[in-house]
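Chemist: Structure provided below as structure tokens; questions to follow.
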Amino acid sequence: MTAKHISKFHIMEIGNVNQFLEGKTFLITGATGLIAKILREKLLRVQSNLKKLYVLVREKDGKSATDRLRHEITDTDLFDVLRGKWGTDFDSFISQKVIAVAGDSARENLGVHDQILRKEMWKEIDVVFNVAAATKFHERYDVSFNTNTMGVMHIIDFAKNCEKIQLLLHVSTAYVSGEKTGLIPEKPLHMGEAMIGAQKLDTDAEKRLIDETLEDLMSRQDSEDNIKKTMRELGQQRAVQYGWPNVYVFTKSMGEMLIGRLKENLPVVILRPTVVTSTYKEPVPGWIAGLRTIDPVLVAYGKGKLNFLFGKGSCFIDLIPADMVVNAMIVAAVANANKRPCMAIYQLGTSFRNPITIKRVFDLFFRYFHENPWTDTEGKSVTVRKLLLLGNSIFMLVSWVILIVIKVLRLVDIHMVSVHRIRIFVDDLDRKFTTITKLVGVYKPYLCYNGIFKDDNTEELRIAARRNIGVDETAFFFDPRIIDWEDYFLRVHIPGAVRLHV
């Protein structure tokens, strides 16, 4: 870090975080997602005198927004620390501070139909945290586009209507960079920019394509299954055409482009985390909501369903604990609030300052499950072996051989004496191979990723926070260098994932 950079951020004062949060009203979208849950808990825990949290929640399966939010708070151990702090007053505290708003960021006005409530929100909101996202890598194109791209437009429009707005913080992903290699800087994406070729990406044209495709499918009265299949294939095809590996990062990229085009004088922060994992420390170590990111691979391996996988062991896998993401969000909001014009981009990951290779991650998986074997449904301990990571050509060859073996053995005369043993073997092999192919289909772009995410802006933010007595580093930590990977995996992350799945 140069002296020039340090002096720049010494001048840029970061105010006292707790003082900034006090009396403020926030809007959080994507309320039932991992980051939004941890953000909500953190804000309520560190500053009980914030004014209000509006939480945008989609009504689902007949449950109202209030019921869904109550379930998210009362039926999870994420809020145990806060619950212990408030005791019998916990429910009263939550009801005073947290307002569930029925809506959907994919709709105009965020789907908030109550005009009185909408005007009240526009009058009170100081900061918007947009965490809403359709995160499936192979989601329908229309679903992913409506949330990750058009949703950003609706968020910006809503934020501009807020009379006291100080900042919009948008959570994106570091992988908007597509499949770039080498050092990847914290640069904005510009409208029309594609990752490959000279073709220009037009979000309006993509919307027309989606609408026309859906209209054609509906006019032919296609089945719902075929509509889903067609829209998924369309999303993947368009993503690859423009240089992104899947529809998730493709539509998130277009969302960032819309921010640049539409923000005008609105102060905006874009936070780009890498692969988000369980909490490092707060409010409890190893907390995560559901099996996410690397955990389906972890669980499949622990259960003995994964013997080999596509990947390059020497490549870095960029992981960042969820509580560090939330802490960076809060500090970045304080640092950039009311700065006009503002378009700050922060990449948050570990590959640049505390890298870990894919091989080391799987070695730690092996070590944990060798010492703490999974127990299967029959009460037997599952024996694991070190995972084989295969290059593309060898993986394809092994996959082809396994498919041939399965087909041949299934043709074996059913009257053979050994048929029962053969059938058990083939069924087990088929299940394992199906698991492997599904995981590779999802994770392939990230199992041999050759990019390293630079975080100069984020490092400058850390320096500014460190120099300012108003930022408690123990409360708002987001320096990846503090992570001891062996300790994190063996004593925090893997035990947390196993507890969740058992």
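Here, A, B, ... name the chains of the structure tokens in the order displayed, residue numbers run from 1 inside each chain, and ligands are numbered from 1 in the same displayed order.
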Extract the full set of helix (DSSP H, G or I) residues from stretch 123-178 of chain A according to DSSP on the backbone, and format it as a PyMOL selection string.

Modeler: chain A and resi 123-124+141-161+174-177

Chemist: Run DSSP on the backbone and give me the residues of stretch 72-131 of chain A it puts in strand (DSSP E), as an NGL selection string.

Modeler: :A and (98-102 or 127-130)

Chemist: Produce a table with one row for each residue of stretch 50-162 of chain A that has an atom at most 9 Å from any atom of stretch 244-268 of chain A, each row naming the nearest atom pair and its distance in Å at one decimal; use only C-alpha atoms; arrange rows by chain and rising residue number; format as a tab-separated table.

Modeler:
```
residue	atom	partner	partner_atom	distance
A:Ala133	CA	A:Lys252	CA	8.3
A:Ala134	CA	A:Tyr248	CA	7.0
A:Thr135	CA	A:Tyr248	CA	5.9
A:Lys136	CA	A:Tyr248	CA	6.3
A:Phe137	CA	A:Tyr248	CA	5.1
A:His138	CA	A:Val247	CA	6.2
A:Glu139	CA	A:Val247	CA	6.8
A:Arg140	CA	A:Val247	CA	8.1
A:Tyr141	CA	A:Val247	CA	6.7
A:Ser144	CA	A:Thr251	CA	6.4
A:Phe145	CA	A:Thr251	CA	5.5
A:Asn146	CA	A:Thr251	CA	8.8
A:Thr147	CA	A:Thr251	CA	8.5
A:Asn148	CA	A:Lys252	CA	5.2
A:Thr149	CA	A:Gly255	CA	4.0
A:Met150	CA	A:Gly255	CA	7.0
A:Gly151	CA	A:Gly255	CA	7.8
A:Val152	CA	A:Gly255	CA	5.7
A:Met153	CA	A:Leu258	CA	6.6
A:Ile156	CA	A:Lys263	CA	6.6
A:Asp157	CA	A:Leu262	CA	8.6
A:Ala159	CA	A:Leu266	CA	8.1
A:Lys160	CA	A:Leu266	CA	6.9
```

Chemist: Hey, can you spit out that residue selection with N, CA, C and O atoms as a PDB file, in the first residue's frame?

Modeler:
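So the final result, stored in selection07.pdb, reads:
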```pdb
ATOM      1  N   ALA A 133     -31.518 -11.597  -4.603  1.00  0.00           N
ATOM      2  CA  ALA A 133     -30.850 -12.240  -5.743  1.00  0.00           C
ATOM      3  C   ALA A 133     -31.481 -13.596  -6.023  1.00  0.00           C
ATOM      4  O   ALA A 133     -31.919 -14.286  -5.101  1.00  0.00           O
ATOM      5  N   ALA A 134     -31.535 -13.945  -7.307  1.00  0.00           N
ATOM      6  CA  ALA A 134     -31.850 -15.308  -7.718  1.00  0.00           C
ATOM      7  C   ALA A 134     -30.504 -15.984  -7.937  1.00  0.00           C
ATOM      8  O   ALA A 134     -29.795 -15.677  -8.903  1.00  0.00           O
ATOM      9  N   THR A 135     -30.102 -16.873  -7.034  1.00  0.00           N
ATOM     10  CA  THR A 135     -28.718 -17.339  -6.976  1.00  0.00           C
ATOM     11  C   THR A 135     -28.456 -18.678  -7.665  1.00  0.00           C
ATOM     12  O   THR A 135     -27.305 -19.113  -7.725  1.00  0.00           O
ATOM     13  N   LYS A 136     -29.479 -19.337  -8.173  1.00  0.00           N
ATOM     14  CA  LYS A 136     -29.249 -20.618  -8.838  1.00  0.00           C
ATOM     15  C   LYS A 136     -28.475 -20.403 -10.137  1.00  0.00           C
ATOM     16  O   LYS A 136     -28.826 -19.535 -10.937  1.00  0.00           O
ATOM     17  N   PHE A 137     -27.435 -21.212 -10.336  1.00  0.00           N
ATOM     18  CA  PHE A 137     -26.588 -21.063 -11.519  1.00  0.00           C
ATOM     19  C   PHE A 137     -27.323 -21.418 -12.806  1.00  0.00           C
ATOM     20  O   PHE A 137     -26.975 -20.929 -13.876  1.00  0.00           O
ATOM     21  N   HIS A 138     -28.335 -22.271 -12.710  1.00  0.00           N
ATOM     22  CA  HIS A 138     -29.063 -22.699 -13.904  1.00  0.00           C
ATOM     23  C   HIS A 138     -30.558 -22.388 -13.754  1.00  0.00           C
ATOM     24  O   HIS A 138     -31.414 -23.196 -14.091  1.00  0.00           O
ATOM     25  N   GLU A 139     -30.829 -21.200 -13.253  1.00  0.00           N
ATOM     26  CA  GLU A 139     -32.196 -20.717 -13.085  1.00  0.00           C
ATOM     27  C   GLU A 139     -32.810 -20.396 -14.448  1.00  0.00           C
ATOM     28  O   GLU A 139     -32.107 -20.209 -15.447  1.00  0.00           O
ATOM     29  N   ARG A 140     -34.132 -20.347 -14.485  1.00  0.00           N
ATOM     30  CA  ARG A 140     -34.816 -19.851 -15.683  1.00  0.00           C
ATOM     31  C   ARG A 140     -34.321 -18.445 -15.995  1.00  0.00           C
ATOM     32  O   ARG A 140     -34.110 -17.642 -15.088  1.00  0.00           O
ATOM     33  N   TYR A 141     -34.165 -18.137 -17.270  1.00  0.00           N
ATOM     34  CA  TYR A 141     -33.650 -16.826 -17.655  1.00  0.00           C
ATOM     35  C   TYR A 141     -34.578 -15.712 -17.196  1.00  0.00           C
ATOM     36  O   TYR A 141     -34.119 -14.679 -16.690  1.00  0.00           O
ATOM     37  N   SER A 144     -34.244 -15.208 -13.307  1.00  0.00           N
ATOM     38  CA  SER A 144     -32.961 -14.601 -12.953  1.00  0.00           C
ATOM     39  C   SER A 144     -32.873 -13.155 -13.435  1.00  0.00           C
ATOM     40  O   SER A 144     -32.423 -12.261 -12.706  1.00  0.00           O
ATOM     41  N   PHE A 145     -33.321 -12.895 -14.652  1.00  0.00           N
ATOM     42  CA  PHE A 145     -33.267 -11.545 -15.218  1.00  0.00           C
ATOM     43  C   PHE A 145     -34.175 -10.590 -14.437  1.00  0.00           C
ATOM     44  O   PHE A 145     -33.780  -9.450 -14.135  1.00  0.00           O
ATOM     45  N   ASN A 146     -35.378 -11.034 -14.103  1.00  0.00           N
ATOM     46  CA  ASN A 146     -36.320 -10.161 -13.399  1.00  0.00           C
ATOM     47  C   ASN A 146     -35.805  -9.748 -12.028  1.00  0.00           C
ATOM     48  O   ASN A 146     -36.006  -8.608 -11.597  1.00  0.00           O
ATOM     49  N   THR A 147     -35.118 -10.663 -11.342  1.00  0.00           N
ATOM     50  CA  THR A 147     -34.606 -10.346  -9.999  1.00  0.00           C
ATOM     51  C   THR A 147     -33.253  -9.657 -10.050  1.00  0.00           C
ATOM     52  O   THR A 147     -33.054  -8.599  -9.440  1.00  0.00           O
ATOM     53  N   ASN A 148     -32.311 -10.232 -10.762  1.00  0.00           N
ATOM     54  CA  ASN A 148     -30.926  -9.758 -10.718  1.00  0.00           C
ATOM     55  C   ASN A 148     -30.648  -8.556 -11.608  1.00  0.00           C
ATOM     56  O   ASN A 148     -29.675  -7.836 -11.389  1.00  0.00           O
ATOM     57  N   THR A 149     -31.471  -8.353 -12.618  1.00  0.00           N
ATOM     58  CA  THR A 149     -31.257  -7.232 -13.542  1.00  0.00           C
ATOM     59  C   THR A 149     -32.354  -6.182 -13.376  1.00  0.00           C
ATOM     60  O   THR A 149     -32.091  -5.062 -12.924  1.00  0.00           O
ATOM     61  N   MET A 150     -33.595  -6.547 -13.725  1.00  0.00           N
ATOM     62  CA  MET A 150     -34.688  -5.585 -13.596  1.00  0.00           C
ATOM     63  C   MET A 150     -34.925  -5.190 -12.145  1.00  0.00           C
ATOM     64  O   MET A 150     -35.331  -4.057 -11.853  1.00  0.00           O
ATOM     65  N   GLY A 151     -34.678  -6.125 -11.228  1.00  0.00           N
ATOM     66  CA  GLY A 151     -34.839  -5.806  -9.810  1.00  0.00           C
ATOM     67  C   GLY A 151     -33.972  -4.642  -9.379  1.00  0.00           C
ATOM     68  O   GLY A 151     -34.366  -3.818  -8.546  1.00  0.00           O
ATOM     69  N   VAL A 152     -32.772  -4.555  -9.949  1.00  0.00           N
ATOM     70  CA  VAL A 152     -31.867  -3.444  -9.623  1.00  0.00           C
ATOM     71  C   VAL A 152     -32.473  -2.121 -10.069  1.00  0.00           C
ATOM     72  O   VAL A 152     -32.399  -1.109  -9.357  1.00  0.00           O
ATOM     73  N   MET A 153     -33.080  -2.114 -11.244  1.00  0.00           N
ATOM     74  CA  MET A 153     -33.732  -0.902 -11.731  1.00  0.00           C
ATOM     75  C   MET A 153     -34.842  -0.460 -10.772  1.00  0.00           C
ATOM     76  O   MET A 153     -34.962   0.729 -10.439  1.00  0.00           O
ATOM     77  N   ILE A 156     -33.320   1.029  -7.591  1.00  0.00           N
ATOM     78  CA  ILE A 156     -32.819   2.393  -7.809  1.00  0.00           C
ATOM     79  C   ILE A 156     -33.971   3.387  -7.845  1.00  0.00           C
ATOM     80  O   ILE A 156     -33.911   4.455  -7.222  1.00  0.00           O
ATOM     81  N   ASP A 157     -35.027   3.050  -8.576  1.00  0.00           N
ATOM     82  CA  ASP A 157     -36.191   3.946  -8.649  1.00  0.00           C
ATOM     83  C   ASP A 157     -36.775   4.185  -7.259  1.00  0.00           C
ATOM     84  O   ASP A 157     -37.137   5.317  -6.910  1.00  0.00           O
ATOM     85  N   ALA A 159     -35.224   3.872  -4.321  1.00  0.00           N
ATOM     86  CA  ALA A 159     -34.281   4.641  -3.503  1.00  0.00           C
ATOM     87  C   ALA A 159     -34.308   6.127  -3.854  1.00  0.00           C
ATOM     88  O   ALA A 159     -34.201   6.998  -2.980  1.00  0.00           O
ATOM     89  N   LYS A 160     -34.458   6.442  -5.142  1.00  0.00           N
ATOM     90  CA  LYS A 160     -34.515   7.847  -5.558  1.00  0.00           C
ATOM     91  C   LYS A 160     -35.733   8.564  -4.990  1.00  0.00           C
ATOM     92  O   LYS A 160     -35.720   9.791  -4.830  1.00  0.00           O
TER      93      LYS A 160
END
```

Chemist: Please identify every residue of stretch 251-349 of chain A that has at least one atom no farther than 9 Å from an atom of stretch 430-435 of chain A, counting only C-alpha atoms, and for each give the shortest atom pair and the distance in Å to one decimal, arranged by chain then increasing number, as JSON lines.

Modeler:
```
{"residue": "A:Ala300", "atom": "CA", "partner": "A:Thr435", "partner_atom": "CA", "distance": 7.7}
{"residue": "A:Gly304", "atom": "CA", "partner": "A:Lys432", "partner_atom": "CA", "distance": 8.5}
{"residue": "A:Lys305", "atom": "CA", "partner": "A:Lys432", "partner_atom": "CA", "distance": 5.1}
{"residue": "A:Leu306", "atom": "CA", "partner": "A:Lys432", "partner_atom": "CA", "distance": 6.5}
{"residue": "A:Asn307", "atom": "CA", "partner": "A:Lys432", "partner_atom": "CA", "distance": 8.3}
```

Chemist: Taking 2 positions as the minimum chain separation for residues in the same chain, which residues sit within 9 Å of A:Tyr54 when counting only C-alpha atoms? Answer as JSON, numbers by chain.

Modeler: {"A": [25, 26, 27, 28, 29, 52, 56, 97, 98, 99, 100, 101, 121, 125]}

Chemist: Those same residues, written as an mmCIF file, in the first residue's frame with all heavy atoms?

Modeler:
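Saved to selection.cif:
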```cif
data_model
loop_
_atom_site.group_PDB
_atom_site.id
_atom_site.type_symbol
_atom_site.label_atom_id
_atom_site.label_comp_id
_atom_site.auth_asym_id
_atom_site.auth_seq_id
_atom_site.Cartn_x
_atom_site.Cartn_y
_atom_site.Cartn_z
ATOM 1 N N THR A 25 -33.147 4.571 9.644
ATOM 2 C CA THR A 25 -34.119 3.608 9.128
ATOM 3 C C THR A 25 -33.533 2.962 7.875
ATOM 4 O O THR A 25 -33.048 3.653 6.984
ATOM 5 C CB THR A 25 -35.454 4.296 8.800
ATOM 6 O OG1 THR A 25 -36.035 4.782 10.013
ATOM 7 C CG2 THR A 25 -36.426 3.317 8.147
ATOM 8 N N PHE A 26 -33.599 1.644 7.834
ATOM 9 C CA PHE A 26 -32.991 0.878 6.749
ATOM 10 C C PHE A 26 -34.040 0.043 6.026
ATOM 11 O O PHE A 26 -35.021 -0.404 6.623
ATOM 12 C CB PHE A 26 -31.913 -0.069 7.299
ATOM 13 C CG PHE A 26 -30.823 0.618 8.061
ATOM 14 C CD1 PHE A 26 -30.937 0.827 9.430
ATOM 15 C CD2 PHE A 26 -29.680 1.069 7.419
ATOM 16 C CE1 PHE A 26 -29.936 1.466 10.143
ATOM 17 C CE2 PHE A 26 -28.669 1.706 8.115
ATOM 18 C CZ PHE A 26 -28.801 1.913 9.480
ATOM 19 N N LEU A 27 -33.797 -0.168 4.750
ATOM 20 C CA LEU A 27 -34.577 -1.129 3.975
ATOM 21 C C LEU A 27 -33.634 -2.246 3.561
ATOM 22 O O LEU A 27 -32.557 -2.002 3.018
ATOM 23 C CB LEU A 27 -35.170 -0.484 2.723
ATOM 24 C CG LEU A 27 -35.781 -1.455 1.685
ATOM 25 C CD1 LEU A 27 -36.970 -2.216 2.272
ATOM 26 C CD2 LEU A 27 -36.196 -0.709 0.417
ATOM 27 N N ILE A 28 -34.043 -3.497 3.834
ATOM 28 C CA ILE A 28 -33.259 -4.664 3.452
ATOM 29 C C ILE A 28 -34.109 -5.527 2.535
ATOM 30 O O ILE A 28 -35.200 -5.954 2.904
ATOM 31 C CB ILE A 28 -32.818 -5.483 4.677
ATOM 32 C CG1 ILE A 28 -31.993 -4.633 5.643
ATOM 33 C CG2 ILE A 28 -32.017 -6.715 4.241
ATOM 34 C CD1 ILE A 28 -31.634 -5.348 6.943
ATOM 35 N N THR A 29 -33.605 -5.776 1.331
ATOM 36 C CA THR A 29 -34.298 -6.677 0.410
ATOM 37 C C THR A 29 -33.650 -8.062 0.504
ATOM 38 O O THR A 29 -32.595 -8.231 1.116
ATOM 39 C CB THR A 29 -34.224 -6.175 -1.034
ATOM 40 O OG1 THR A 29 -32.865 -6.265 -1.493
ATOM 41 C CG2 THR A 29 -34.707 -4.732 -1.141
ATOM 42 N N LYS A 52 -35.600 1.878 12.679
ATOM 43 C CA LYS A 52 -36.489 0.876 12.090
ATOM 44 C C LYS A 52 -35.764 0.093 10.992
ATOM 45 O O LYS A 52 -34.895 0.617 10.296
ATOM 46 C CB LYS A 52 -37.710 1.582 11.490
ATOM 47 C CG LYS A 52 -38.912 0.696 11.212
ATOM 48 C CD LYS A 52 -40.074 1.549 10.687
ATOM 49 C CE LYS A 52 -40.582 2.535 11.716
ATOM 50 N NZ LYS A 52 -41.746 3.303 11.205
ATOM 51 N N LEU A 56 -38.122 -6.373 3.183
ATOM 52 C CA LEU A 56 -38.964 -6.770 2.058
ATOM 53 C C LEU A 56 -39.025 -8.294 1.980
ATOM 54 O O LEU A 56 -37.999 -8.967 1.840
ATOM 55 C CB LEU A 56 -38.399 -6.200 0.753
ATOM 56 C CG LEU A 56 -39.329 -6.249 -0.463
ATOM 57 C CD1 LEU A 56 -40.480 -5.267 -0.294
ATOM 58 C CD2 LEU A 56 -38.553 -5.942 -1.742
ATOM 59 N N LYS A 97 -38.922 -2.752 16.179
ATOM 60 C CA LYS A 97 -37.855 -2.347 15.266
ATOM 61 C C LYS A 97 -38.002 -2.898 13.848
ATOM 62 O O LYS A 97 -37.557 -2.254 12.893
ATOM 63 C CB LYS A 97 -36.495 -2.808 15.827
ATOM 64 C CG LYS A 97 -36.143 -2.216 17.175
ATOM 65 C CD LYS A 97 -35.952 -0.707 17.098
ATOM 66 C CE LYS A 97 -35.547 -0.136 18.456
ATOM 67 N NZ LYS A 97 -35.337 1.336 18.390
ATOM 68 N N VAL A 98 -38.585 -4.071 13.695
ATOM 69 C CA VAL A 98 -38.584 -4.757 12.406
ATOM 70 C C VAL A 98 -39.978 -4.764 11.805
ATOM 71 O O VAL A 98 -40.933 -5.250 12.415
ATOM 72 C CB VAL A 98 -38.070 -6.206 12.547
ATOM 73 C CG1 VAL A 98 -38.003 -6.872 11.170
ATOM 74 C CG2 VAL A 98 -36.699 -6.226 13.215
ATOM 75 N N ILE A 99 -40.093 -4.207 10.593
ATOM 76 C CA ILE A 99 -41.369 -4.132 9.889
ATOM 77 C C ILE A 99 -41.293 -5.003 8.636
ATOM 78 O O ILE A 99 -40.503 -4.737 7.722
ATOM 79 C CB ILE A 99 -41.711 -2.685 9.469
ATOM 80 C CG1 ILE A 99 -41.584 -1.729 10.659
ATOM 81 C CG2 ILE A 99 -43.100 -2.635 8.838
ATOM 82 C CD1 ILE A 99 -42.520 -2.015 11.802
ATOM 83 N N ALA A 100 -42.093 -6.064 8.612
ATOM 84 C CA ALA A 100 -42.153 -6.917 7.423
ATOM 85 C C ALA A 100 -43.008 -6.241 6.364
ATOM 86 O O ALA A 100 -44.145 -5.831 6.628
ATOM 87 C CB ALA A 100 -42.740 -8.276 7.788
ATOM 88 N N VAL A 101 -42.462 -6.110 5.163
ATOM 89 C CA VAL A 101 -43.164 -5.463 4.062
ATOM 90 C C VAL A 101 -43.388 -6.497 2.964
ATOM 91 O O VAL A 101 -42.431 -7.052 2.422
ATOM 92 C CB VAL A 101 -42.358 -4.271 3.507
ATOM 93 C CG1 VAL A 101 -43.088 -3.631 2.328
ATOM 94 C CG2 VAL A 101 -42.093 -3.243 4.595
ATOM 95 N N MET A 121 -42.442 4.752 3.896
ATOM 96 C CA MET A 121 -41.082 4.261 3.661
ATOM 97 C C MET A 121 -40.252 5.313 2.944
ATOM 98 O O MET A 121 -39.086 5.561 3.319
ATOM 99 C CB MET A 121 -41.132 2.965 2.845
ATOM 100 C CG MET A 121 -41.758 1.790 3.584
ATOM 101 S SD MET A 121 -42.069 0.355 2.515
ATOM 102 C CE MET A 121 -40.395 -0.202 2.169
ATOM 103 N N ILE A 125 -36.782 6.186 5.101
ATOM 104 C CA ILE A 125 -35.593 5.366 4.822
ATOM 105 C C ILE A 125 -34.347 6.216 4.581
ATOM 106 O O ILE A 125 -34.360 7.161 3.793
ATOM 107 C CB ILE A 125 -35.855 4.436 3.624
ATOM 108 C CG1 ILE A 125 -36.856 3.340 4.002
ATOM 109 C CG2 ILE A 125 -34.551 3.811 3.121
ATOM 110 C CD1 ILE A 125 -37.351 2.518 2.839
#
```

Chemist: Between A:Val276, A:Val269, A:Ile452, A:Leu34, which residue has the minimum interatomic distance to A:Leu78, considering only C-alpha atoms?

Modeler: A:Leu34

Chemist: Could you give me, as a list in words, the residues within 9 Å of A:Pro321, counting only C-alpha atoms and dropping anything in the same chain fewer than 5 positions from it?

Modeler: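 The residues that qualify are Val275, Val276, Thr277, Ser278, Thr279, Tyr280, Lys281, Gly286, Gly349, Phe478 and Pro480 of chain A.
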
Chemist: Store the residues of this selection in a file with N, CA and C atoms, as a PDB file, in the first residue's frame.

Modeler:
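Okay, this is what ended up in again.pdb:
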```pdb
ATOM      1  N   VAL A 275     -17.087 -16.436  -2.997  1.00  0.00           N
ATOM      2  CA  VAL A 275     -17.952 -17.536  -2.554  1.00  0.00           C
ATOM      3  C   VAL A 275     -18.196 -17.383  -1.051  1.00  0.00           C
ATOM      4  N   VAL A 276     -19.449 -17.155  -0.679  1.00  0.00           N
ATOM      5  CA  VAL A 276     -19.781 -16.871   0.720  1.00  0.00           C
ATOM      6  C   VAL A 276     -19.980 -18.183   1.480  1.00  0.00           C
ATOM      7  N   THR A 277     -19.280 -18.288   2.610  1.00  0.00           N
ATOM      8  CA  THR A 277     -19.352 -19.484   3.435  1.00  0.00           C
ATOM      9  C   THR A 277     -19.914 -19.148   4.817  1.00  0.00           C
ATOM     10  N   SER A 278     -19.923 -20.117   5.715  1.00  0.00           N
ATOM     11  CA  SER A 278     -20.503 -19.931   7.041  1.00  0.00           C
ATOM     12  C   SER A 278     -19.761 -18.863   7.837  1.00  0.00           C
ATOM     13  N   THR A 279     -20.396 -18.383   8.877  1.00  0.00           N
ATOM     14  CA  THR A 279     -19.826 -17.305   9.681  1.00  0.00           C
ATOM     15  C   THR A 279     -18.491 -17.710  10.305  1.00  0.00           C
ATOM     16  N   TYR A 280     -17.598 -16.767  10.352  1.00  0.00           N
ATOM     17  CA  TYR A 280     -16.288 -16.973  10.970  1.00  0.00           C
ATOM     18  C   TYR A 280     -16.395 -16.931  12.493  1.00  0.00           C
ATOM     19  N   LYS A 281     -17.209 -15.987  12.971  1.00  0.00           N
ATOM     20  CA  LYS A 281     -17.257 -15.791  14.423  1.00  0.00           C
ATOM     21  C   LYS A 281     -18.621 -15.346  14.930  1.00  0.00           C
ATOM     22  N   GLY A 286     -19.641 -20.714  12.383  1.00  0.00           N
ATOM     23  CA  GLY A 286     -20.112 -21.820  11.564  1.00  0.00           C
ATOM     24  C   GLY A 286     -21.586 -21.794  11.217  1.00  0.00           C
ATOM     25  N   GLY A 349     -12.814 -10.861  -0.851  1.00  0.00           N
ATOM     26  CA  GLY A 349     -12.470 -12.266  -0.995  1.00  0.00           C
ATOM     27  C   GLY A 349     -11.147 -12.550  -0.320  1.00  0.00           C
ATOM     28  N   PHE A 478     -13.276  -7.518   8.854  1.00  0.00           N
ATOM     29  CA  PHE A 478     -13.447  -8.088   7.517  1.00  0.00           C
ATOM     30  C   PHE A 478     -12.112  -8.205   6.787  1.00  0.00           C
ATOM     31  N   PRO A 480      -9.392 -10.608   5.563  1.00  0.00           N
ATOM     32  CA  PRO A 480      -9.259 -12.054   5.328  1.00  0.00           C
ATOM     33  C   PRO A 480      -7.976 -12.650   5.880  1.00  0.00           C
TER      34      PRO A 480
END
```

Chemist: For a quick check of understanding, using only C-alpha atoms, which of A:Ile227, A:Arg118, A:Tyr242, A:Lys339 has the smallest distance to A:Gln199?

Modeler: A:Tyr242

Chemist: Would you please work out which residue, of A:Asn18, A:Gln236, A:Asn161, A:Ser172, is nearest to A:Thr274 when using only C-alpha atoms?

Modeler: A:Ser172

Chemist: From the list A:Val361, A:Val57, A:Val131, A:Met329, which residue is nearest A:Tyr346 when using only C-alpha atoms?

Modeler: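 Ranking A:Val361, A:Val57, A:Val131, A:Met329 by distance to A:Tyr346, first place goes to A:Met329.
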
Chemist: So that I can see what lies close to A:Lys303, please list as a PyMOL selection string the residues with an atom at most 12 Å from it, counting only C-alpha atoms and leaving out residues fewer than 6 positions away in the same chain.

Modeler: chain A and resi 296-297+365-366+369-370+372-377+380-385+432+435+498+501-502

Chemist: Rounded to one decimal, what separation in Å do you get between atom CA of A:Phe395 and atom CA of A:Thr230?

Modeler: 28.1 Å

Chemist: Using only C-alpha atoms, which of the listed residues (A:Gly23, A:Asn336, A:Phe310, A:Ala194) sits closest to A:Val398?

Modeler: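 Residue with the minimum atom-to-atom distance to A:Val398: A:Phe310.
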
Chemist: Point out the residue among A:Asp295, A:Asp323, A:Glu215, A:Asp114 with the least atom-to-atom distance to A:Ala36, counting only C-alpha atoms.

Modeler: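 Checking each candidate against A:Ala36, we get A:Asp323 as the closest.
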